[in-house]
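Contents: one structure, followed by commentary.
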Amino acid sequence: MAAADRARASMVDVLCDAGRIRSPAVEDAFRNVPRHLFLPGLSLDEAYADEAVAVQFADGVATSSASQPSMMAIMLEQLDLRPGQRVLEIGAGTGYNAALMARILGPSGTVTAVDIDEDLIERAAFHLASAGVDGVELVAADGALGHPPGAPYDRIVLTVGSGDIRPEWVAQLVPGGRLLLPIAVRGSQLSTALDLGPDGVLRSHSVRSCAFIRLRGVGASTDVATRLDGVGLMLQVPEDGPRAEAAGVSAALAEPGALLTVPVALGAADVWDGFGLWLALTEPGACRLLAAEPETGLPDDLLPLGPGSGTIALASMADVQPLGLAMVVAGPGRPDGRGPGAVAVREFGSAGPTLAGRLLAALDRWLAAGRPGAAEWRIVAVPAGAFYEDPPPGVGVVRKVHCSLLVDLPVPVPS
């Protein structure tokens, strides 16, 4: 027990020093709930490492995991729990997050944790009992539908990624309550805390970058991603509006052009949820290319991507001629593309130079705005059918099945 206490204290100290834990209530929960009891079979070093741990697989793909402690701390701070509140958690996992929330809520609060897998619910029940945690109700059900018997809830939190905001969740939230979910926004996944206003509109309180296993069941989203033949890449396009097609991108990749050096250093977060998010929200034809295999099938000097990595690009829209692509790649002296460093823009196809000009202009606008990342965006979620046909200037619209997201673009810094 002394070794476990030391390992837990060390983990919490690191999270506090990094600013992931900011409130006394969240710190108290992490210091008093033993994570290793929710991950039996792991060593103490593994249980208290700041890493996610996959706990269930289907056909070799992880379908449930114990989230990274730092991400859990970020989301608990976003959730802003208060003693006595009623909370619905969608995605019970190991039960660890429910235990942390139960600690914060105290004996007068309740946590209902729903998971689509009966096996996960049974294991979570065992873990909670081992840790002596009370005040958590576990339900085997499809979390996309919420849990009406326990409604209304002061807080609803998803620990799985969602492509949409289900009307069931909004209906089961008290007026002024908060919905926290990792929502897909044109290739990025954003942990977004949304407060329900009296008009039925959800407005963001905070936004953070994240990466979660996707929701399954009736709320499962289908990625708009296609494998490109012969190059070991996946093309990911926005889920709404006109988009590039795989055939056109493949054709453009066969015609590499100039490499344009960019006088700015970008890290992975910049490429993905910084400039990448800006590009996806402001430029038609924005897309992402993911390395699906260790070898891309293209010469490294054309597309220096490593396994598990990806990049952003602008492509000609479907049924538009001429074909072209402009892609952010690692710059000279940065062959693996990892870590902050120089980047470049590679042109492909006859429309490549035009697209490269648009991409570089977008980069200039992002830089002028102060290099905003996920945390700088403001999101308003309105029910489907209520979105603005002509949004106000500076507001992007991401249309979903059940809602539309109105995204405030950060105001550029005057030059």
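Letters for chains follow the order of the structure tokens (A, B, ...), residue numbers begin at 1 for each chain, and ligand numbers begin at 1 in the order shown.
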DSSP-assigned alpha helix (DSSP H) among stretch 54-298 of chain A, expressed as a ChimeraX atom specification: /A:69-79,96-105,118-130,167-171,246-253,268-269,275-282
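Using only C-alpha atoms, the residues found no farther than 12 Å from A:Pro392, other than those of its own chain fewer than 5 positions away, are Phe387, Val397, Leu406, Val407, Asp408 and Leu409 of chain A.
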DSSP-assigned strand (DSSP E or B) among stretch 176-244 of chain A, expressed as a PyMOL selection string: chain A and resi 176-185+188-196+202-209+214+225-228+233-236
Close residues, stretch 180-182 of chain A itself excluded, 6 Å, only C-alpha atoms, min 3 positions apart in chain, as a count of residues only: 8
Residue among A:Leu44, A:Gly95, A:Ile104, A:Pro353 lying closest to A:Arg31, counting only C-alpha atoms: A:Ile104
Spatial neighbours of A:Asp50, 7 Å, only C-alpha atoms, chain gap at least 2 places, as a PyMOL selection string: chain A and resi 48+68-70
Take the residues just selected and output them with N, CA, C and O atoms as a CSV table (one decimal), in the first residue's frame.
chain,number,residue,atom,x,y,z
A,48,TYR,N,0.1,4.0,-12.9
A,48,TYR,CA,0.2,5.4,-12.5
A,48,TYR,C,1.0,6.2,-13.5
A,48,TYR,O,1.4,7.4,-13.3
A,68,GLN,N,-6.0,8.6,-20.4
A,68,GLN,CA,-4.8,9.2,-19.9
A,68,GLN,C,-5.2,10.1,-18.7
A,68,GLN,O,-6.1,10.9,-18.8
A,69,PRO,N,-4.5,9.9,-17.6
A,69,PRO,CA,-4.9,10.7,-16.4
A,69,PRO,C,-4.9,12.2,-16.6
A,69,PRO,O,-5.7,12.9,-16.1
A,70,SER,N,-3.9,12.7,-17.4
A,70,SER,CA,-3.9,14.2,-17.7
A,70,SER,C,-5.1,14.6,-18.4
A,70,SER,O,-5.7,15.7,-18.1
Exercise: A:Thr226 partners within 8 Å, only C-alpha atoms, chain neighbours under 4 positions left out, as a PDB file with C-alpha atoms, in the first residue's frame:
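Saved file part_37.pdb follows:
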ATOM      1  CA  MET A 234      -6.034   7.508 -45.921  1.00  0.00           C
ATOM      2  CA  LEU A 235      -7.888  10.597 -47.095  1.00  0.00           C
ATOM      3  CA  GLN A 236     -10.042  12.224 -44.404  1.00  0.00           C
ATOM      4  CA  ALA A 246     -10.018   9.986 -53.343  1.00  0.00           C
TER       5      ALA A 246
END
Using only C-alpha atoms, what table do you get, as a Markdown table, when you list each residue of stretch 194-282 of chain A with an atom no more than 10 Å from stretch 110-133 of chain A, its nearest pair of atoms, and their distance in Å rounded to one decimal, rows by chain then rising number?
| residue | atom | partner | partner_atom | distance |
| --- | --- | --- | --- | --- |
| A:Leu215 | CA | A:Ile116 | CA | 9.3 |
| A:Arg216 | CA | A:Ile116 | CA | 7.6 |
| A:Gly217 | CA | A:Ile116 | CA | 7.4 |
Quick one: write out the picked residues with N, CA, C and O atoms as a compact mmCIF listing (two decimals), in the first residue's frame?
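Just written: again.txt:
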# COMPACT_ATOMS: atom_id res chain seq x y z
N LEU A 215 -17.79 6.52 -30.06
CA LEU A 215 -19.06 5.99 -29.60
C LEU A 215 -19.51 4.86 -30.52
O LEU A 215 -19.37 4.93 -31.74
N ARG A 216 -20.08 3.81 -29.93
CA ARG A 216 -20.66 2.71 -30.71
C ARG A 216 -22.17 2.67 -30.49
O ARG A 216 -22.70 3.42 -29.71
N GLY A 217 -22.84 1.82 -31.22
CA GLY A 217 -24.29 1.73 -31.10
C GLY A 217 -24.99 2.66 -32.08
O GLY A 217 -24.45 3.02 -33.13
Atomic separation - atom CA of A:Ala342 relative to atom CA of A:Leu367, Å: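 Between atom CA of A:Leu367 and atom CA of A:Ala342 the gap works out to 14.8 Å.
Reported to one decimal place, the separation of atom CA of A:Ala286 from atom CA of A:Ala369 is 19.1 Å.
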Distance in Å - atom CA of A:Asn32 versus atom CA of A:Gln85: 19.7 Å
Would you mind listing, for every residue of stretch 122-183 of chain A within 9 Å of stretch 199-213 of chain A, the two atoms forming the shortest contact and the distance between them in Å to one decimal, using only C-alpha atoms, sorted by chain and ascending residue number, as a Markdown table?
| residue | atom | partner | partner_atom | distance |
| --- | --- | --- | --- | --- |
| A:Thr159 | CA | A:Phe212 | CA | 7.2 |
| A:Val160 | CA | A:Ile213 | CA | 5.5 |
| A:Gly161 | CA | A:Phe212 | CA | 5.2 |
| A:Ser162 | CA | A:Phe212 | CA | 8.9 |
| A:Val170 | CA | A:Gly200 | CA | 8.1 |
| A:Pro175 | CA | A:Gly200 | CA | 8.2 |
| A:Arg178 | CA | A:Leu202 | CA | 8.5 |
| A:Leu179 | CA | A:Leu202 | CA | 8.3 |
| A:Pro182 | CA | A:Cys210 | CA | 6.9 |
